[in-house]
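Q: Here you go, this is target_6.pdb (PDB, C-alpha atoms).
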ATOM      1  CA  MET A 132       0.000   0.000   0.000
ATOM      2  CA  PRO A 133       1.485   3.377  -0.980
ATOM      3  CA  LYS A 134       2.275   5.840   1.747
ATOM      4  CA  PHE A 135      -0.185   8.628   2.474
ATOM      5  CA  SER A 136       2.482  11.187   1.528
ATOM      6  CA  GLU A 137       2.957   9.603  -1.915
ATOM      7  CA  ASN A 138      -0.802   9.539  -2.531
ATOM      8  CA  LEU A 139      -1.127  13.163  -1.456
ATOM      9  CA  ILE A 140       1.615  14.336  -3.821
ATOM     10  CA  ALA A 141       0.186  12.373  -6.777
ATOM     11  CA  LEU A 142      -3.394  13.500  -6.147
ATOM     12  CA  ARG A 143      -2.396  17.156  -5.601
ATOM     13  CA  LYS A 144      -0.465  17.181  -8.877
ATOM     14  CA  LYS A 145      -3.314  15.414 -10.676
ATOM     15  CA  ALA A 146      -5.664  18.149  -9.392
ATOM     16  CA  GLY A 147      -3.222  20.762 -10.743
ATOM     17  CA  LEU A 148      -2.742  22.410  -7.366
ATOM     18  CA  THR A 149       0.362  23.806  -5.716
ATOM     19  CA  GLN A 150       0.957  23.185  -2.023
ATOM     20  CA  GLU A 151      -0.059  26.788  -1.359
ATOM     21  CA  GLU A 152      -3.298  26.514  -3.353
ATOM     22  CA  LEU A 153      -4.246  23.306  -1.559
ATOM     23  CA  ALA A 154      -3.400  24.846   1.809
ATOM     24  CA  ASN A 155      -5.600  27.868   1.039
ATOM     25  CA  LYS A 156      -8.562  25.628   0.157
ATOM     26  CA  LEU A 157      -8.218  23.944   3.555
ATOM     27  CA  SER A 158      -7.333  27.027   5.644
ATOM     28  CA  LEU A 159      -3.951  25.465   6.411
ATOM     29  CA  THR A 160      -0.426  26.722   5.971
ATOM     30  CA  PRO A 161       1.649  25.604   2.977
ATOM     31  CA  GLN A 162       4.139  24.284   5.548
ATOM     32  CA  SER A 163       1.487  21.840   6.810
ATOM     33  CA  ILE A 164       0.963  20.441   3.315
ATOM     34  CA  SER A 165       4.739  20.240   2.862
ATOM     35  CA  LYS A 166       5.089  18.255   6.110
ATOM     36  CA  TYR A 167       2.328  15.855   5.007
ATOM     37  CA  GLU A 168       4.097  15.311   1.698
ATOM     38  CA  ARG A 169       7.471  14.722   3.387
ATOM     39  CA  ASP A 170       5.807  12.208   5.746
ATOM     40  CA  GLU A 171       6.779  14.335   8.763
ATOM     41  CA  ALA A 172       3.172  14.826   9.900
ATOM     42  CA  HIS A 173      -0.326  13.627   9.082
ATOM     43  CA  PRO A 174      -3.567  15.586   8.921
ATOM     44  CA  ASP A 175      -6.150  15.285  11.661
ATOM     45  CA  ILE A 176      -8.947  12.872  10.839
ATOM     46  CA  ASP A 177     -11.356  15.835  10.629
ATOM     47  CA  CYS A 178      -9.328  17.127   7.682
ATOM     48  CA  LEU A 179      -9.528  13.966   5.540
ATOM     49  CA  ILE A 180     -12.922  14.599   3.943
ATOM     50  CA  PRO A 181     -12.215  18.278   3.104
ATOM     51  CA  LEU A 182      -8.777  17.224   1.809
ATOM     52  CA  ALA A 183     -10.298  14.527  -0.404
ATOM     53  CA  ASP A 184     -12.930  17.008  -1.629
ATOM     54  CA  ALA A 185     -10.247  19.585  -2.478
ATOM     55  CA  LEU A 186      -8.382  16.922  -4.477
ATOM     56  CA  SER A 187     -11.555  15.576  -6.145
ATOM     57  CA  CYS A 188     -10.946  12.064  -4.845
ATOM     58  CA  THR A 189     -12.331   9.716  -2.216
ATOM     59  CA  VAL A 190     -10.874   9.326   1.263
ATOM     60  CA  ASN A 191     -10.064   5.720   0.300
ATOM     61  CA  GLU A 192      -7.999   6.950  -2.660
ATOM     62  CA  LEU A 193      -6.247   9.479  -0.454
ATOM     63  CA  LEU A 194      -5.389   6.809   2.122
ATOM     64  CA  GLY A 195      -4.503   4.184  -0.489
ATOM     65  CA  ILE A 196      -7.265   1.819   0.607
ATOM     66  CA  GLU A 197      -8.710  -0.560  -1.924
ATOM     67  CA  ASP A 198     -12.352   0.049  -2.662
ATOM     68  CA  VAL A 199     -14.809  -2.366  -1.159
ATOM     69  CA  GLY A 200     -16.221  -4.717  -3.755
ATOM     70  CA  TYR A 201     -19.925  -5.087  -4.342
ATOM     71  CA  GLN A 202     -21.802  -7.896  -5.996
ATOM     72  CA  GLU A 203     -25.572  -8.013  -5.798
ATOM     73  CA  LYS A 204     -27.084 -11.227  -4.376
ATOM     74  CA  ARG A 205     -23.647 -12.354  -3.178
ATOM     75  CA  LYS A 206     -23.825 -14.376   0.033
ATOM     76  CA  PRO A 207     -21.068 -13.679   2.580
ATOM     77  CA  LYS A 208     -19.111 -16.822   3.444
ATOM     78  CA  LYS A 209     -16.263 -15.887   5.768
ATOM     79  CA  VAL A 210     -15.216 -13.080   8.067
ATOM     80  CA  ASN A 211     -11.590 -12.330   8.856
ATOM     81  CA  ILE A 212     -10.964 -10.225  11.959
ATOM     82  CA  LYS A 213      -7.395  -9.161  12.585
ATOM     83  CA  VAL A 214      -6.462  -7.231  15.727
ATOM     84  CA  SER A 215      -2.922  -6.166  16.565
ATOM     85  CA  SER A 216      -2.827  -4.261  19.819
ATOM     86  CA  SER A 217       0.001  -2.134  21.101
ATOM     87  CA  ASP A 218       0.252  -4.260  24.241
ATOM     88  CA  GLY A 219       1.165  -7.369  22.245
ATOM     89  CA  ASP A 220      -2.192  -9.078  21.738
ATOM     90  CA  ASP A 221      -2.461 -10.329  18.164
ATOM     91  CA  VAL A 222      -5.585 -12.122  16.991
ATOM     92  CA  ASN A 223      -6.343 -13.320  13.481
ATOM     93  CA  LEU A 224      -9.701 -15.064  13.092
ATOM     94  CA  ASN A 225     -10.952 -16.492   9.830
ATOM     95  CA  LEU A 226     -14.380 -17.921  10.576
ATOM     96  CA  PRO A 227     -17.622 -18.742   8.766
ATOM     97  CA  TYR A 228     -19.784 -15.632   8.400
ATOM     98  CA  LEU A 229     -22.809 -17.083  10.223
ATOM     99  CA  LEU A 230     -20.667 -18.119  13.193
ATOM    100  CA  VAL A 231     -19.242 -14.602  13.585
ATOM    101  CA  LYS A 232     -22.713 -13.111  13.188
ATOM    102  CA  GLY A 233     -23.954 -15.399  15.963
ATOM    103  CA  PHE A 234     -20.994 -14.581  18.232
ATOM    104  CA  SER A 235     -21.560 -10.864  17.760
ATOM    105  CA  LYS A 236     -24.991 -11.156  19.377
ATOM    106  CA  THR A 237     -23.456 -12.500  22.570
ATOM    107  CA  GLY A 238     -20.242 -10.481  22.346
ATOM    108  CA  LEU A 239     -16.980 -11.481  20.701
ATOM    109  CA  HIS A 240     -14.612 -12.552  23.490
ATOM    110  CA  LEU A 241     -11.108 -12.720  22.043
ATOM    111  CA  GLY A 242      -8.927 -12.294  25.090
ATOM    112  CA  SER A 243      -8.100  -9.476  27.445
ATOM    113  CA  GLY A 244      -7.822  -6.137  25.737
ATOM    114  CA  VAL A 245      -8.730  -7.422  22.284
ATOM    115  CA  SER A 246     -12.486  -7.619  22.945
ATOM    116  CA  ASP A 247     -12.354  -4.053  24.242
ATOM    117  CA  LYS A 248     -11.016  -2.930  20.845
ATOM    118  CA  LEU A 249     -14.076  -4.414  19.106
ATOM    119  CA  LYS A 250     -16.802  -3.227  21.489
ATOM    120  CA  ASP A 251     -17.416   0.080  19.692
ATOM    121  CA  ILE A 252     -17.709  -1.490  16.235
ATOM    122  CA  ASP A 253     -21.247  -1.621  14.863
ATOM    123  CA  PHE A 254     -21.225  -5.223  13.657
ATOM    124  CA  ASP A 255     -24.894  -5.013  12.656
ATOM    125  CA  LEU A 256     -23.936  -2.330  10.133
ATOM    126  CA  LEU A 257     -21.072  -4.483   8.808
ATOM    127  CA  PHE A 258     -23.399  -7.484   8.505
ATOM    128  CA  GLU A 259     -25.983  -5.356   6.708
ATOM    129  CA  ALA A 260     -23.328  -4.226   4.213
ATOM    130  CA  ALA A 261     -22.116  -7.814   3.702
ATOM    131  CA  GLU A 262     -25.637  -9.119   3.187
ATOM    132  CA  SER A 263     -26.283  -6.327   0.688
ATOM    133  CA  GLY A 264     -23.339  -7.576  -1.382
ATOM    134  CA  ALA A 265     -20.298  -5.662  -0.035
ATOM    135  CA  PHE A 266     -17.135  -7.717   0.316
ATOM    136  CA  GLY A 267     -13.430  -7.201   0.859
ATOM    137  CA  LYS A 268     -11.981  -4.980   3.570
ATOM    138  CA  LEU A 269     -14.997  -3.364   5.226
ATOM    139  CA  LEU A 270     -13.146  -1.824   8.159
ATOM    140  CA  GLU A 271      -9.614  -0.716   8.971
ATOM    141  CA  VAL A 272      -8.796   1.286  12.087
ATOM    142  CA  ASN A 273      -5.481   2.534  13.438
ATOM    143  CA  ASP A 274      -6.127   4.206  16.761
ATOM    144  CA  LYS A 275      -4.029   6.665  18.706
ATOM    145  CA  ASP A 276      -2.860   3.911  21.077
ATOM    146  CA  GLY A 277      -1.140   2.061  18.232
ATOM    147  CA  ASP A 278      -3.801  -0.620  17.839
ATOM    148  CA  HIS A 279      -4.763  -1.894  14.391
ATOM    149  CA  ILE A 280      -8.062  -3.584  13.462
ATOM    150  CA  GLU A 281      -9.136  -4.992  10.092
ATOM    151  CA  ILE A 282     -12.377  -6.749   9.211
ATOM    152  CA  TRP A 283     -12.729  -8.509   5.848
ATOM    153  CA  VAL A 284     -15.739 -10.282   4.406
ATOM    154  CA  GLU A 285     -15.300 -12.935   1.725
TER     155      GLU A 285
END
Rewrite the structure from the file as structure tokens, please.

A:
Amino acid sequence: MPKFSENLIALRKKAGLTQEELANKLSLTPQSISKYERDEAHPDIDCLIPLADALSCTVNELLGIEDVGYQEKRKPKKVNIKVSSSDGDDVNLNLPYLLVKGFSKTGLHLGSGVSDKLKDIDFDLLFEAAESGAFGKLLEVNDKDGDHIEIWVE
């Protein structure tokens, strides 16, 4: 996956904007854009949508995330949940979709600390997307504590 800084440079140039012009659109300083492009800093999450809008792209394109696939009448078969926490807990589950859906009703218990990382995820919304035909990486989160969560539906 390309770095955010590389995507930003390519998308800014594709939009025909200088660092200063992009900064003005976002009420930022040109130095901020320069730091983003040199991978010395990253924009706040609140800035991602306005940044994507200014560059005429999606947030996924900006972050280098593959688009979620969609296939009507496709039945979800498997769910992969990968959690890497900063305190050393690493979990990688690849389970049948219906089993994960059933577990989610009673709470996914994946070990100390790991379950806490999943408690704020709206699994019903993910299941609704999967049952509507979405597949691929439906969720990726990197939080401020250094934890990483990915949920894929096949």

Q: Could you jot down the atom CA of A:Asn191 to atom CA of A:Val272 separation for me, Å, one decimal place?

A: 12.7 Å

Q: Between atom CA of A:Phe258 and atom CA of A:His279, measure the distance and give it in Å to one decimal.

A: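 Between atom CA of A:Phe258 and atom CA of A:His279 the gap works out to 20.3 Å.
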
Q: Identify all residues satisfying the PyMOL selection byres ((chain A and resi 178) around 12) in the given file; provide them as a list in words.

A: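 Checking the PyMOL selection byres ((chain A and resi 178) around 12) against this file, the residues are Ala154, Lys156, Leu157, Ser158, Leu159, Ser163, Ile164, His173, Pro174, Asp175, Ile176, Asp177, Leu179, Ile180, Pro181, Leu182, Ala183, Asp184, Ala185, Val190 and Leu193 of chain A.
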
Q: Would you mind exporting the chosen residues as an mmCIF file, in the coordinates of the input, restricted to C-alpha atoms?

A:
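After the write, out37.cif holds the following:
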data_model
loop_
_atom_site.group_PDB
_atom_site.id
_atom_site.type_symbol
_atom_site.label_atom_id
_atom_site.label_comp_id
_atom_site.auth_asym_id
_atom_site.auth_seq_id
_atom_site.Cartn_x
_atom_site.Cartn_y
_atom_site.Cartn_z
ATOM 1 C CA ALA A 154 -3.400 24.846 1.809
ATOM 2 C CA LYS A 156 -8.562 25.628 0.157
ATOM 3 C CA LEU A 157 -8.218 23.944 3.555
ATOM 4 C CA SER A 158 -7.333 27.027 5.644
ATOM 5 C CA LEU A 159 -3.951 25.465 6.411
ATOM 6 C CA SER A 163 1.487 21.840 6.810
ATOM 7 C CA ILE A 164 0.963 20.441 3.315
ATOM 8 C CA HIS A 173 -0.326 13.627 9.082
ATOM 9 C CA PRO A 174 -3.567 15.586 8.921
ATOM 10 C CA ASP A 175 -6.150 15.285 11.661
ATOM 11 C CA ILE A 176 -8.947 12.872 10.839
ATOM 12 C CA ASP A 177 -11.356 15.835 10.629
ATOM 13 C CA LEU A 179 -9.528 13.966 5.540
ATOM 14 C CA ILE A 180 -12.922 14.599 3.943
ATOM 15 C CA PRO A 181 -12.215 18.278 3.104
ATOM 16 C CA LEU A 182 -8.777 17.224 1.809
ATOM 17 C CA ALA A 183 -10.298 14.527 -0.404
ATOM 18 C CA ASP A 184 -12.930 17.008 -1.629
ATOM 19 C CA ALA A 185 -10.247 19.585 -2.478
ATOM 20 C CA VAL A 190 -10.874 9.326 1.263
ATOM 21 C CA LEU A 193 -6.247 9.479 -0.454
#

Q: At what distance in Å, to one decimal, does atom CA of A:Phe135 lie from atom CA of A:Leu194?

A: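 Distance between the two atoms: 5.5 Å.
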
Q: Applied to the shown file, which residues does the PyMOL selection byres ((chain A and resi 210-216) around 8) return, written as JSON, numbers by chain?

A: {"A": [208, 209, 217, 218, 219, 220, 221, 222, 223, 224, 225, 226, 227, 228, 231, 244, 245, 277, 278, 279, 280, 281, 282, 283, 284, 285]}

Q: Evaluate the PyMOL selection byres ((chain A and resi 136) around 10) here and jot the selected residues down as a list of chain:residue names.

A: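 When the PyMOL selection byres ((chain A and resi 136) around 10) is applied to the shown file, the picked residues are A:Pro133, A:Lys134, A:Phe135, A:Glu137, A:Asn138, A:Leu139, A:Ile140, A:Ala141, A:Leu142, A:Ile164, A:Ser165, A:Lys166, A:Tyr167, A:Glu168, A:Arg169, A:Asp170, A:Glu171, A:Ala172, A:His173, A:Leu193, A:Leu194.
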
Q: For A:Arg205, find every residue with an atom within 10 Å (counting all atoms listed in the file), except residues of its own chain fewer than 3 positions away, and show them as an MDAnalysis selection string.

A: chainID A and resid 201:202 208 261:266 285

Q: What are the centre and the three edge lengths of an axis-aligned box that wraps all atoms of stretch 211-219 of chain A in the file, given that 6 Å is added to every side, written as lines of an AutoDock Vina configuration file and rounded to one decimal in Å?

A:
center_x = -5.2
center_y = -7.2
center_z = 16.5
size_x = 24.8
size_y = 22.2
size_z = 27.4

Q: Please determine, counting all atoms listed in the file, which residue among A:Ile196, A:Leu186, A:Leu269, A:Leu229 has the shortest atom-to-atom distance to A:Leu148.

A: A:Leu186

Q: Save C-alpha atoms of stretch 172-212 of chain A from the block above as an mmCIF file, in the first residue's frame.

A:
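Okay, result_36.cif is ready:
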data_model
loop_
_atom_site.group_PDB
_atom_site.id
_atom_site.type_symbol
_atom_site.label_atom_id
_atom_site.label_comp_id
_atom_site.auth_asym_id
_atom_site.auth_seq_id
_atom_site.Cartn_x
_atom_site.Cartn_y
_atom_site.Cartn_z
ATOM 1 C CA ALA A 172 3.172 14.826 9.900
ATOM 2 C CA HIS A 173 -0.326 13.627 9.082
ATOM 3 C CA PRO A 174 -3.567 15.586 8.921
ATOM 4 C CA ASP A 175 -6.150 15.285 11.661
ATOM 5 C CA ILE A 176 -8.947 12.872 10.839
ATOM 6 C CA ASP A 177 -11.356 15.835 10.629
ATOM 7 C CA CYS A 178 -9.328 17.127 7.682
ATOM 8 C CA LEU A 179 -9.528 13.966 5.540
ATOM 9 C CA ILE A 180 -12.922 14.599 3.943
ATOM 10 C CA PRO A 181 -12.215 18.278 3.104
ATOM 11 C CA LEU A 182 -8.777 17.224 1.809
ATOM 12 C CA ALA A 183 -10.298 14.527 -0.404
ATOM 13 C CA ASP A 184 -12.930 17.008 -1.629
ATOM 14 C CA ALA A 185 -10.247 19.585 -2.478
ATOM 15 C CA LEU A 186 -8.382 16.922 -4.477
ATOM 16 C CA SER A 187 -11.555 15.576 -6.145
ATOM 17 C CA CYS A 188 -10.946 12.064 -4.845
ATOM 18 C CA THR A 189 -12.331 9.716 -2.216
ATOM 19 C CA VAL A 190 -10.874 9.326 1.263
ATOM 20 C CA ASN A 191 -10.064 5.720 0.300
ATOM 21 C CA GLU A 192 -7.999 6.950 -2.660
ATOM 22 C CA LEU A 193 -6.247 9.479 -0.454
ATOM 23 C CA LEU A 194 -5.389 6.809 2.122
ATOM 24 C CA GLY A 195 -4.503 4.184 -0.489
ATOM 25 C CA ILE A 196 -7.265 1.819 0.607
ATOM 26 C CA GLU A 197 -8.710 -0.560 -1.924
ATOM 27 C CA ASP A 198 -12.352 0.049 -2.662
ATOM 28 C CA VAL A 199 -14.809 -2.366 -1.159
ATOM 29 C CA GLY A 200 -16.221 -4.717 -3.755
ATOM 30 C CA TYR A 201 -19.925 -5.087 -4.342
ATOM 31 C CA GLN A 202 -21.802 -7.896 -5.996
ATOM 32 C CA GLU A 203 -25.572 -8.013 -5.798
ATOM 33 C CA LYS A 204 -27.084 -11.227 -4.376
ATOM 34 C CA ARG A 205 -23.647 -12.354 -3.178
ATOM 35 C CA LYS A 206 -23.825 -14.376 0.033
ATOM 36 C CA PRO A 207 -21.068 -13.679 2.580
ATOM 37 C CA LYS A 208 -19.111 -16.822 3.444
ATOM 38 C CA LYS A 209 -16.263 -15.887 5.768
ATOM 39 C CA VAL A 210 -15.216 -13.080 8.067
ATOM 40 C CA ASN A 211 -11.590 -12.330 8.856
ATOM 41 C CA ILE A 212 -10.964 -10.225 11.959
#
